file entry-v8.pdb (PDB, C-alpha atoms)
ATOM      1  CA  MET A 297     -21.418  20.595  70.092  1.00  0.00           C
ATOM      2  CA  ILE A 298     -18.862  18.467  68.284  1.00  0.00           C
ATOM      3  CA  VAL A 299     -15.246  18.247  69.416  1.00  0.00           C
ATOM      4  CA  PHE A 300     -12.942  17.546  66.471  1.00  0.00           C
ATOM      5  CA  PRO A 301      -9.481  16.354  67.565  1.00  0.00           C
ATOM      6  CA  ALA A 302      -7.040  17.443  64.873  1.00  0.00           C
ATOM      7  CA  ILE A 303      -4.449  15.467  62.963  1.00  0.00           C
ATOM      8  CA  ASP A 304      -2.224  17.723  60.882  1.00  0.00           C
ATOM      9  CA  LEU A 305      -0.033  15.903  58.365  1.00  0.00           C
ATOM     10  CA  LYS A 306       3.373  16.938  57.077  1.00  0.00           C
ATOM     11  CA  GLY A 307       5.618  14.431  55.365  1.00  0.00           C
ATOM     12  CA  GLY A 308       3.437  11.604  56.635  1.00  0.00           C
ATOM     13  CA  GLU A 309       3.909  12.639  60.259  1.00  0.00           C
ATOM     14  CA  VAL A 310       1.522  14.059  62.843  1.00  0.00           C
ATOM     15  CA  VAL A 311       2.559  17.657  63.490  1.00  0.00           C
ATOM     16  CA  ARG A 312       1.353  21.011  64.758  1.00  0.00           C
ATOM     17  CA  LEU A 313       2.382  24.380  63.406  1.00  0.00           C
ATOM     18  CA  ALA A 314       2.592  27.713  65.188  1.00  0.00           C
ATOM     19  CA  GLU A 315       0.485  30.377  63.435  1.00  0.00           C
ATOM     20  CA  GLY A 316       0.410  28.270  60.265  1.00  0.00           C
ATOM     21  CA  ASP A 317       4.177  28.633  59.748  1.00  0.00           C
ATOM     22  CA  MET A 318       5.620  25.510  58.099  1.00  0.00           C
ATOM     23  CA  ASN A 319       9.007  26.380  59.591  1.00  0.00           C
ATOM     24  CA  ARG A 320       7.628  26.337  63.150  1.00  0.00           C
ATOM     25  CA  VAL A 321       6.649  22.702  63.361  1.00  0.00           C
ATOM     26  CA  THR A 322       6.450  20.246  66.240  1.00  0.00           C
ATOM     27  CA  VAL A 323       6.304  16.535  65.401  1.00  0.00           C
ATOM     28  CA  TYR A 324       4.045  14.418  67.610  1.00  0.00           C
ATOM     29  CA  GLY A 325       4.186  11.049  65.892  1.00  0.00           C
ATOM     30  CA  ASP A 326       4.804   9.056  62.731  1.00  0.00           C
ATOM     31  CA  ASP A 327       1.630   6.930  62.689  1.00  0.00           C
ATOM     32  CA  PRO A 328      -1.426   9.087  61.900  1.00  0.00           C
ATOM     33  CA  ALA A 329      -3.836   6.130  61.873  1.00  0.00           C
ATOM     34  CA  ALA A 330      -2.705   5.085  65.343  1.00  0.00           C
ATOM     35  CA  GLN A 331      -3.245   8.648  66.556  1.00  0.00           C
ATOM     36  CA  ALA A 332      -6.774   8.602  65.142  1.00  0.00           C
ATOM     37  CA  MET A 333      -7.475   5.394  67.024  1.00  0.00           C
ATOM     38  CA  LEU A 334      -6.270   6.962  70.279  1.00  0.00           C
ATOM     39  CA  PHE A 335      -8.854   9.672  69.738  1.00  0.00           C
ATOM     40  CA  ALA A 336     -11.491   7.042  68.996  1.00  0.00           C
ATOM     41  CA  ASP A 337     -10.585   5.183  72.178  1.00  0.00           C
ATOM     42  CA  ALA A 338     -11.223   8.408  74.123  1.00  0.00           C
ATOM     43  CA  GLY A 339     -14.712   8.554  72.648  1.00  0.00           C
ATOM     44  CA  ALA A 340     -14.268  10.834  69.622  1.00  0.00           C
ATOM     45  CA  GLY A 341     -16.762  10.280  66.829  1.00  0.00           C
ATOM     46  CA  HIS A 342     -15.150  12.856  64.555  1.00  0.00           C
ATOM     47  CA  VAL A 343     -11.594  13.721  63.572  1.00  0.00           C
ATOM     48  CA  HIS A 344     -10.323  16.704  61.609  1.00  0.00           C
ATOM     49  CA  VAL A 345      -7.439  15.922  59.248  1.00  0.00           C
ATOM     50  CA  VAL A 346      -5.366  18.504  57.376  1.00  0.00           C
ATOM     51  CA  ASP A 347      -2.853  17.742  54.633  1.00  0.00           C
ATOM     52  CA  LEU A 348      -0.538  20.667  55.321  1.00  0.00           C
ATOM     53  CA  ASP A 349       1.761  19.865  52.412  1.00  0.00           C
ATOM     54  CA  GLY A 350      -1.291  19.665  50.187  1.00  0.00           C
ATOM     55  CA  ALA A 351      -2.533  23.068  51.363  1.00  0.00           C
ATOM     56  CA  PHE A 352       0.645  24.662  50.007  1.00  0.00           C
ATOM     57  CA  ALA A 353       0.977  22.456  46.915  1.00  0.00           C
ATOM     58  CA  GLY A 354      -2.675  22.662  45.879  1.00  0.00           C
ATOM     59  CA  GLU A 355      -3.028  18.884  45.664  1.00  0.00           C
ATOM     60  CA  SER A 356      -2.792  15.878  47.973  1.00  0.00           C
ATOM     61  CA  ARG A 357       0.643  15.160  49.416  1.00  0.00           C
ATOM     62  CA  ASN A 358      -0.230  12.798  52.293  1.00  0.00           C
ATOM     63  CA  ARG A 359      -2.696  10.475  50.612  1.00  0.00           C
ATOM     64  CA  ALA A 360      -1.378   7.266  52.157  1.00  0.00           C
ATOM     65  CA  ALA A 361      -1.695   8.685  55.668  1.00  0.00           C
ATOM     66  CA  VAL A 362      -5.250   9.921  55.026  1.00  0.00           C
ATOM     67  CA  GLU A 363      -6.265   6.577  53.541  1.00  0.00           C
ATOM     68  CA  ALA A 364      -4.948   4.798  56.629  1.00  0.00           C
ATOM     69  CA  ILE A 365      -6.909   7.109  58.933  1.00  0.00           C
ATOM     70  CA  VAL A 366     -10.129   6.634  56.980  1.00  0.00           C
ATOM     71  CA  ALA A 367      -9.637   2.870  56.948  1.00  0.00           C
ATOM     72  CA  ASP A 368      -9.076   2.598  60.716  1.00  0.00           C
ATOM     73  CA  PHE A 369     -11.074   5.397  62.332  1.00  0.00           C
ATOM     74  CA  PRO A 370     -14.629   4.215  63.114  1.00  0.00           C
ATOM     75  CA  GLY A 371     -16.185   7.686  63.068  1.00  0.00           C
ATOM     76  CA  HIS A 372     -16.419  10.627  60.674  1.00  0.00           C
ATOM     77  CA  VAL A 373     -13.300  12.020  59.005  1.00  0.00           C
ATOM     78  CA  GLN A 374     -13.302  15.692  58.001  1.00  0.00           C
ATOM     79  CA  LEU A 375     -10.471  16.447  55.564  1.00  0.00           C
ATOM     80  CA  GLY A 376      -8.883  19.621  54.252  1.00  0.00           C
ATOM     81  CA  GLY A 377      -5.716  20.694  52.495  1.00  0.00           C
ATOM     82  CA  GLY A 378      -5.224  21.290  48.776  1.00  0.00           C
ATOM     83  CA  ILE A 379      -8.608  19.977  47.626  1.00  0.00           C
ATOM     84  CA  ARG A 380      -9.367  22.202  44.651  1.00  0.00           C
ATOM     85  CA  THR A 381     -10.841  20.087  41.839  1.00  0.00           C
ATOM     86  CA  PRO A 382     -14.083  18.122  41.369  1.00  0.00           C
ATOM     87  CA  GLU A 383     -12.020  14.989  40.816  1.00  0.00           C
ATOM     88  CA  ALA A 384     -10.248  15.422  44.140  1.00  0.00           C
ATOM     89  CA  VAL A 385     -13.526  15.997  45.981  1.00  0.00           C
ATOM     90  CA  GLU A 386     -15.166  12.942  44.400  1.00  0.00           C
ATOM     91  CA  GLY A 387     -12.109  10.799  45.068  1.00  0.00           C
ATOM     92  CA  TRP A 388     -12.074  11.567  48.777  1.00  0.00           C
ATOM     93  CA  PHE A 389     -15.796  11.022  49.186  1.00  0.00           C
ATOM     94  CA  ASP A 390     -15.497   7.713  47.340  1.00  0.00           C
ATOM     95  CA  LEU A 391     -12.742   6.724  49.754  1.00  0.00           C
ATOM     96  CA  GLY A 392     -15.014   7.319  52.724  1.00  0.00           C
ATOM     97  CA  VAL A 393     -14.247  10.859  53.897  1.00  0.00           C
ATOM     98  CA  ALA A 394     -17.367  12.330  55.530  1.00  0.00           C
ATOM     99  CA  ARG A 395     -16.790  16.015  54.861  1.00  0.00           C
ATOM    100  CA  ILE A 396     -14.379  18.004  52.710  1.00  0.00           C
ATOM    101  CA  VAL A 397     -12.982  21.345  53.868  1.00  0.00           C
ATOM    102  CA  ILE A 398     -12.280  23.860  51.112  1.00  0.00           C
ATOM    103  CA  GLY A 399     -10.368  27.040  51.894  1.00  0.00           C
ATOM    104  CA  SER A 400      -8.312  28.794  49.221  1.00  0.00           C
ATOM    105  CA  ALA A 401     -10.675  27.798  46.412  1.00  0.00           C
ATOM    106  CA  ALA A 402     -13.604  29.249  48.357  1.00  0.00           C
ATOM    107  CA  LEU A 403     -12.132  32.718  47.934  1.00  0.00           C
ATOM    108  CA  LYS A 404     -10.630  32.337  44.481  1.00  0.00           C
ATOM    109  CA  ASP A 405     -13.242  30.111  42.843  1.00  0.00           C
ATOM    110  CA  PRO A 406     -16.533  30.358  44.753  1.00  0.00           C
ATOM    111  CA  ARG A 407     -18.482  28.881  41.836  1.00  0.00           C
ATOM    112  CA  PHE A 408     -16.526  25.629  42.252  1.00  0.00           C
ATOM    113  CA  VAL A 409     -17.393  25.472  45.945  1.00  0.00           C
ATOM    114  CA  LYS A 410     -21.065  26.111  45.284  1.00  0.00           C
ATOM    115  CA  GLU A 411     -21.149  23.421  42.603  1.00  0.00           C
ATOM    116  CA  MET A 412     -19.537  20.920  44.971  1.00  0.00           C
ATOM    117  CA  ALA A 413     -21.932  21.880  47.767  1.00  0.00           C
ATOM    118  CA  ARG A 414     -24.899  21.221  45.501  1.00  0.00           C
ATOM    119  CA  GLU A 415     -23.496  17.921  44.279  1.00  0.00           C
ATOM    120  CA  TRP A 416     -22.402  16.682  47.700  1.00  0.00           C
ATOM    121  CA  GLU A 417     -25.157  17.962  49.944  1.00  0.00           C
ATOM    122  CA  GLY A 418     -24.039  18.357  53.544  1.00  0.00           C
ATOM    123  CA  GLY A 419     -20.497  17.344  52.671  1.00  0.00           C
ATOM    124  CA  ILE A 420     -18.685  20.621  52.022  1.00  0.00           C
ATOM    125  CA  VAL A 421     -17.235  22.837  54.755  1.00  0.00           C
ATOM    126  CA  VAL A 422     -15.856  26.272  53.866  1.00  0.00           C
ATOM    127  CA  ALA A 423     -12.715  27.231  55.769  1.00  0.00           C
ATOM    128  CA  VAL A 424     -12.681  30.914  56.644  1.00  0.00           C
ATOM    129  CA  ASP A 425      -9.170  31.520  57.917  1.00  0.00           C
ATOM    130  CA  ALA A 426      -8.410  34.987  59.189  1.00  0.00           C
ATOM    131  CA  ARG A 427      -5.470  37.154  60.054  1.00  0.00           C
ATOM    132  CA  ASP A 428      -6.499  40.473  61.594  1.00  0.00           C
ATOM    133  CA  GLY A 429     -10.049  39.942  60.355  1.00  0.00           C
ATOM    134  CA  MET A 430      -9.102  39.337  56.701  1.00  0.00           C
ATOM    135  CA  VAL A 431      -9.308  36.035  54.838  1.00  0.00           C
ATOM    136  CA  ALA A 432      -6.003  34.209  54.334  1.00  0.00           C
ATOM    137  CA  THR A 433      -5.342  31.608  51.639  1.00  0.00           C
ATOM    138  CA  GLU A 434      -2.677  29.284  50.200  1.00  0.00           C
ATOM    139  CA  GLY A 435      -1.962  27.531  53.471  1.00  0.00           C
ATOM    140  CA  TRP A 436      -2.285  30.913  55.226  1.00  0.00           C
ATOM    141  CA  ALA A 437       0.679  32.242  53.260  1.00  0.00           C
ATOM    142  CA  GLU A 438      -1.382  34.974  51.572  1.00  0.00           C
ATOM    143  CA  VAL A 439      -3.766  37.489  53.172  1.00  0.00           C
ATOM    144  CA  SER A 440      -6.569  38.957  51.080  1.00  0.00           C
ATOM    145  CA  ASP A 441      -8.520  42.201  51.428  1.00  0.00           C
ATOM    146  CA  VAL A 442     -11.801  40.324  51.988  1.00  0.00           C
ATOM    147  CA  PRO A 443     -13.364  40.560  55.470  1.00  0.00           C
ATOM    148  CA  VAL A 444     -14.266  37.223  57.045  1.00  0.00           C
ATOM    149  CA  ALA A 445     -17.989  37.942  57.369  1.00  0.00           C
ATOM    150  CA  ASP A 446     -18.250  39.016  53.731  1.00  0.00           C
ATOM    151  CA  MET A 447     -16.785  35.749  52.531  1.00  0.00           C
ATOM    152  CA  ALA A 448     -19.008  33.729  54.839  1.00  0.00           C
ATOM    153  CA  ARG A 449     -22.160  35.345  53.489  1.00  0.00           C
ATOM    154  CA  ARG A 450     -21.279  34.325  49.935  1.00  0.00           C
ATOM    155  CA  PHE A 451     -22.085  30.715  50.766  1.00  0.00           C
ATOM    156  CA  GLU A 452     -25.215  31.028  52.891  1.00  0.00           C
ATOM    157  CA  ASP A 453     -27.558  29.752  50.187  1.00  0.00           C
ATOM    158  CA  ALA A 454     -25.139  27.362  48.519  1.00  0.00           C
ATOM    159  CA  GLY A 455     -25.801  24.183  50.486  1.00  0.00           C
ATOM    160  CA  VAL A 456     -22.560  24.402  52.457  1.00  0.00           C
ATOM    161  CA  ALA A 457     -22.644  22.314  55.647  1.00  0.00           C
ATOM    162  CA  SER A 458     -20.770  24.771  57.862  1.00  0.00           C
ATOM    163  CA  LEU A 459     -17.972  27.310  58.180  1.00  0.00           C
ATOM    164  CA  LEU A 460     -14.657  26.508  59.793  1.00  0.00           C
ATOM    165  CA  PHE A 461     -13.284  29.707  61.315  1.00  0.00           C
ATOM    166  CA  THR A 462      -9.626  29.853  62.335  1.00  0.00           C
ATOM    167  CA  ASP A 463      -7.851  32.800  63.898  1.00  0.00           C
ATOM    168  CA  ILE A 464      -4.380  32.191  62.459  1.00  0.00           C
ATOM    169  CA  GLY A 465      -2.702  34.471  64.985  1.00  0.00           C
ATOM    170  CA  ARG A 466      -3.731  32.071  67.766  1.00  0.00           C
ATOM    171  CA  ASP A 467      -3.364  28.718  66.030  1.00  0.00           C
ATOM    172  CA  GLY A 468      -1.004  26.337  67.768  1.00  0.00           C
ATOM    173  CA  LEU A 469      -0.067  28.876  70.440  1.00  0.00           C
ATOM    174  CA  LEU A 470      -2.322  27.730  73.305  1.00  0.00           C
ATOM    175  CA  VAL A 471      -3.421  31.306  74.010  1.00  0.00           C
ATOM    176  CA  GLY A 472      -7.138  30.600  73.982  1.00  0.00           C
ATOM    177  CA  CYS A 473      -9.684  30.453  71.204  1.00  0.00           C
ATOM    178  CA  ASN A 474     -10.913  33.770  69.816  1.00  0.00           C
ATOM    179  CA  ILE A 475     -14.407  33.122  71.119  1.00  0.00           C
ATOM    180  CA  ASP A 476     -15.697  36.663  70.646  1.00  0.00           C
ATOM    181  CA  ALA A 477     -14.821  36.706  66.936  1.00  0.00           C
ATOM    182  CA  THR A 478     -16.141  33.173  66.433  1.00  0.00           C
ATOM    183  CA  VAL A 479     -19.490  33.903  68.069  1.00  0.00           C
ATOM    184  CA  GLU A 480     -19.790  37.204  66.216  1.00  0.00           C
ATOM    185  CA  LEU A 481     -19.232  35.402  62.909  1.00  0.00           C
ATOM    186  CA  ALA A 482     -21.909  32.850  63.839  1.00  0.00           C
ATOM    187  CA  ARG A 483     -24.310  35.697  64.524  1.00  0.00           C
ATOM    188  CA  GLN A 484     -23.525  37.326  61.174  1.00  0.00           C
ATOM    189  CA  THR A 485     -24.267  34.267  59.061  1.00  0.00           C
ATOM    190  CA  ASP A 486     -26.954  31.617  58.846  1.00  0.00           C
ATOM    191  CA  LEU A 487     -24.366  28.835  58.572  1.00  0.00           C
ATOM    192  CA  PRO A 488     -23.146  26.797  61.567  1.00  0.00           C
ATOM    193  CA  VAL A 489     -19.598  27.710  62.613  1.00  0.00           C
ATOM    194  CA  ILE A 490     -16.768  25.462  63.767  1.00  0.00           C
ATOM    195  CA  ALA A 491     -14.225  27.210  66.007  1.00  0.00           C
ATOM    196  CA  SER A 492     -10.503  26.642  65.546  1.00  0.00           C
ATOM    197  CA  GLY A 493      -7.208  28.144  66.609  1.00  0.00           C
ATOM    198  CA  GLY A 494      -5.650  28.541  70.031  1.00  0.00           C
ATOM    199  CA  VAL A 495      -7.778  26.214  72.177  1.00  0.00           C
ATOM    200  CA  LYS A 496      -5.809  25.804  75.391  1.00  0.00           C
ATOM    201  CA  GLY A 497      -8.030  23.876  77.762  1.00  0.00           C
ATOM    202  CA  LEU A 498     -11.425  22.880  79.062  1.00  0.00           C
ATOM    203  CA  ASP A 499     -12.466  26.480  79.698  1.00  0.00           C
ATOM    204  CA  ASP A 500     -12.500  27.153  75.949  1.00  0.00           C
ATOM    205  CA  ILE A 501     -14.704  24.110  75.385  1.00  0.00           C
ATOM    206  CA  HIS A 502     -17.038  25.225  78.162  1.00  0.00           C
ATOM    207  CA  VAL A 503     -17.509  28.786  76.886  1.00  0.00           C
ATOM    208  CA  LEU A 504     -17.961  27.664  73.295  1.00  0.00           C
ATOM    209  CA  SER A 505     -20.549  25.090  74.373  1.00  0.00           C
ATOM    210  CA  LEU A 506     -22.467  27.833  76.141  1.00  0.00           C
ATOM    211  CA  ASN A 507     -22.725  29.559  72.770  1.00  0.00           C
ATOM    212  CA  ALA A 508     -23.882  26.506  70.847  1.00  0.00           C
ATOM    213  CA  GLY A 509     -27.281  28.146  70.547  1.00  0.00           C
ATOM    214  CA  GLU A 510     -25.697  31.042  68.660  1.00  0.00           C
ATOM    215  CA  GLY A 511     -24.674  28.666  65.882  1.00  0.00           C
ATOM    216  CA  ILE A 512     -21.422  27.154  67.150  1.00  0.00           C
ATOM    217  CA  GLU A 513     -21.468  23.637  65.709  1.00  0.00           C
ATOM    218  CA  GLY A 514     -18.108  22.442  66.983  1.00  0.00           C
ATOM    219  CA  VAL A 515     -14.522  23.130  67.920  1.00  0.00           C
ATOM    220  CA  ILE A 516     -11.210  21.817  66.598  1.00  0.00           C
ATOM    221  CA  THR A 517      -8.403  21.223  69.037  1.00  0.00           C
ATOM    222  CA  GLY A 518      -4.888  19.973  68.448  1.00  0.00           C
ATOM    223  CA  ARG A 519      -1.865  21.108  70.420  1.00  0.00           C
ATOM    224  CA  ALA A 520      -3.739  21.237  73.724  1.00  0.00           C
ATOM    225  CA  LEU A 521      -4.493  17.530  73.315  1.00  0.00           C
ATOM    226  CA  TYR A 522      -0.986  16.572  72.255  1.00  0.00           C
ATOM    227  CA  ASP A 523       0.629  18.554  75.070  1.00  0.00           C
ATOM    228  CA  GLY A 524      -1.709  17.046  77.666  1.00  0.00           C
ATOM    229  CA  ARG A 525      -3.370  20.349  78.566  1.00  0.00           C
ATOM    230  CA  LEU A 526      -6.816  19.134  77.478  1.00  0.00           C
ATOM    231  CA  ASP A 527      -8.342  15.766  78.289  1.00  0.00           C
ATOM    232  CA  LEU A 528     -10.308  14.651  75.260  1.00  0.00           C
ATOM    233  CA  ALA A 529     -12.809  12.522  77.180  1.00  0.00           C
ATOM    234  CA  ALA A 530     -13.577  15.447  79.484  1.00  0.00           C
ATOM    235  CA  ALA A 531     -13.943  17.809  76.514  1.00  0.00           C
ATOM    236  CA  LEU A 532     -16.309  15.415  74.764  1.00  0.00           C
ATOM    237  CA  ALA A 533     -18.415  15.026  77.904  1.00  0.00           C
ATOM    238  CA  MET A 534     -18.660  18.793  78.348  1.00  0.00           C
ATOM    239  CA  ALA A 535     -19.558  19.401  74.708  1.00  0.00           C
ATOM    240  CA  ALA A 536     -22.223  16.707  74.820  1.00  0.00           C
ATOM    241  CA  ARG A 537     -24.100  18.698  77.445  1.00  0.00           C
ATOM    242  CA  SER A 538     -24.534  21.696  75.156  1.00  0.00           C
TER     243      SER A 538
END
call {"tool": "encode", "arguments": {"input": "entry-v8.pdb", "output": "structure tokens"}}
result
Amino acid sequence: MIVFPAIDLKGGEVVRLAEGDMNRVTVYGDDPAAQAMLFADAGAGHVHVVDLDGAFAGESRNRAAVEAIVADFPGHVQLGGGIRTPEAVEGWFDLGVARIVIGSAALKDPRFVKEMAREWEGGIVVAVDARDGMVATEGWAEVSDVPVADMARRFEDAGVASLLFTDIGRDGLLVGCNIDATVELARQTDLPVIASGGVKGLDDIHVLSLNAGEGIEGVITGRALYDGRLDLAAALAMAARS
């Protein structure tokens, strides 16, 4: 199982939000590339980067910070946030991003996602963000009437690499990952699932790793790392045993 330490970007800074609310922000640093290297030093081979401003604007807003991370981080960079055109997807892959996460466009323009998944085999991750079981879009500002599992099934035969499932109601709150919902989603689809939202410590990593056989590909963790509640090296070691 892969552990993806998260770097969320807002105004060029490393931040975390509570429940996806841009007004409930905690700043953890002003050098995203340096933060990525700290994760690399702990043994991380992957990092998950989100352009939060881009998620709301629908286009990149923290390009310089992402470029610096890609240039310095020796592993795989997974990037999301406002990536909604073929040109944007191609540009990030050309820069060296390993995988692109597409969220809002996956609900509103599934044909685009499927086309990108065919063109960039193994490079597209569909973000399935949920509030009370329904898909949320536009940086989590809008909630649809589409159940999470229904959206996930739309992309099973499209060449998508995996699903990134986030329980918005837990994100950034350190209340524990919604493991039951994550595992249930993995059982309902043929695509690997990445867990996100609410990870509070090593116990979450342990339980998720026990369910790797159900289709849990990885887990994203942010605030628990920044607040010192989760040791990244220990999390990586535990996940490696799954």
call {"tool": "closest_residue", "arguments": {"input": "entry-v8.pdb", "among": "A:Ala423, A:Val397, A:Ala445, A:Ile464", "to": "A:Asp317", "atoms": "all atoms listed in the file"}}
result
A:Ile464
call {"tool": "resolve_selection", "arguments": {"input": "entry-v8.pdb", "expression": "the PyMOL selection byres ((chain A and resi 515-524) around 8)", "output": "PyMOL selection string"}}
result
chain A and resi 297-303+312+324+344+468-470+490-497+501+504+513-514+525-528
call {"tool": "resolve_selection", "arguments": {"input": "entry-v8.pdb", "expression": "the PyMOL selection byres ((chain A and resi 373) around 9)", "output": "list in words"}}
result
Gly341, His342, Val343, His344, Val345, Ile365, Val366, Phe369, Pro370, Gly371, His372, Gln374, Leu375, Gly392, Val393, Ala394, Arg395 and Ile396 of chain A
call {"tool": "atom_distance", "arguments": {"input": "entry-v8.pdb", "atom1": "atom CA of A:Ala482", "atom2": "atom CA of A:Ala531"}}
result
21.2 Å
call {"tool": "atom_distance", "arguments": {"input": "entry-v8.pdb", "atom1": "atom CA of A:Glu452", "atom2": "atom CA of A:Ser400"}}
result
17.4 Å
call {"tool": "residues_around", "arguments": {"input": "entry-v8.pdb", "residues": "A:Gly418", "least_positions_apart": "5", "cutoff": "7 Å", "atoms": "only C-alpha atoms", "output": "ChimeraX atom specification"}}
result
/A:455-457
call {"tool": "resolve_selection", "arguments": {"input": "entry-v8.pdb", "expression": "the PyMOL selection byres ((chain A and resi 382) around 10)", "output": "list of chain:residue names"}}
result
A:Ile379, A:Arg380, A:Thr381, A:Glu383, A:Ala384, A:Val385, A:Glu386, A:Gly387, A:Phe408, A:Val409, A:Glu411, A:Met412, A:Glu415
call {"tool": "closest_residue", "arguments": {"input": "entry-v8.pdb", "among": "A:His502, A:Arg359, A:Gly354, A:Phe335", "to": "A:Gly307", "atoms": "all atoms listed in the file"}}
result
A:Arg359
call {"tool": "closest_residue", "arguments": {"input": "entry-v8.pdb", "among": "A:Ala533, A:Ala426, A:Val346, A:Ala402", "to": "A:Ala361", "atoms": "all atoms listed in the file"}}
result
A:Val346
call {"tool": "closest_residue", "arguments": {"input": "entry-v8.pdb", "among": "A:Val310, A:Ala536, A:Ala413, A:Leu481", "to": "A:Val444", "atoms": "all atoms listed in the file"}}
result
A:Leu481
call {"tool": "atom_distance", "arguments": {"input": "entry-v8.pdb", "atom1": "atom CA of A:Asp304", "atom2": "atom CA of A:Arg320"}}
result
13.3 Å
call {"tool": "residues_around", "arguments": {"input": "entry-v8.pdb", "residues": "A:Asn507", "least_positions_apart": "5", "cutoff": "9 Å", "atoms": "all atoms listed in the file", "output": "compact mmCIF listing (two decimals) with C-alpha atoms, in the coordinates of the input"}}
result
# COMPACT_ATOMS: atom_id res chain seq x y z
CA VAL A 479 -19.49 33.90 68.07
CA HIS A 502 -17.04 25.22 78.16
CA ILE A 512 -21.42 27.15 67.15
CA SER A 538 -24.53 21.70 75.16
call {"tool": "residues_around", "arguments": {"input": "entry-v8.pdb", "residues": "A:Met333", "least_positions_apart": "3", "cutoff": "9 Å", "atoms": "only C-alpha atoms", "output": "PyMOL selection string"}}
result
chain A and resi 328-330+336-338+365+368-370
call {"tool": "residues_near_point", "arguments": {"input": "entry-v8.pdb", "point": "(5.0, 11.3, 58.5)", "cutoff": "6 Å", "atoms": "all atoms listed in the file", "output": "list in words"}}
result
Gly307, Gly308, Glu309 and Asp326 of chain A
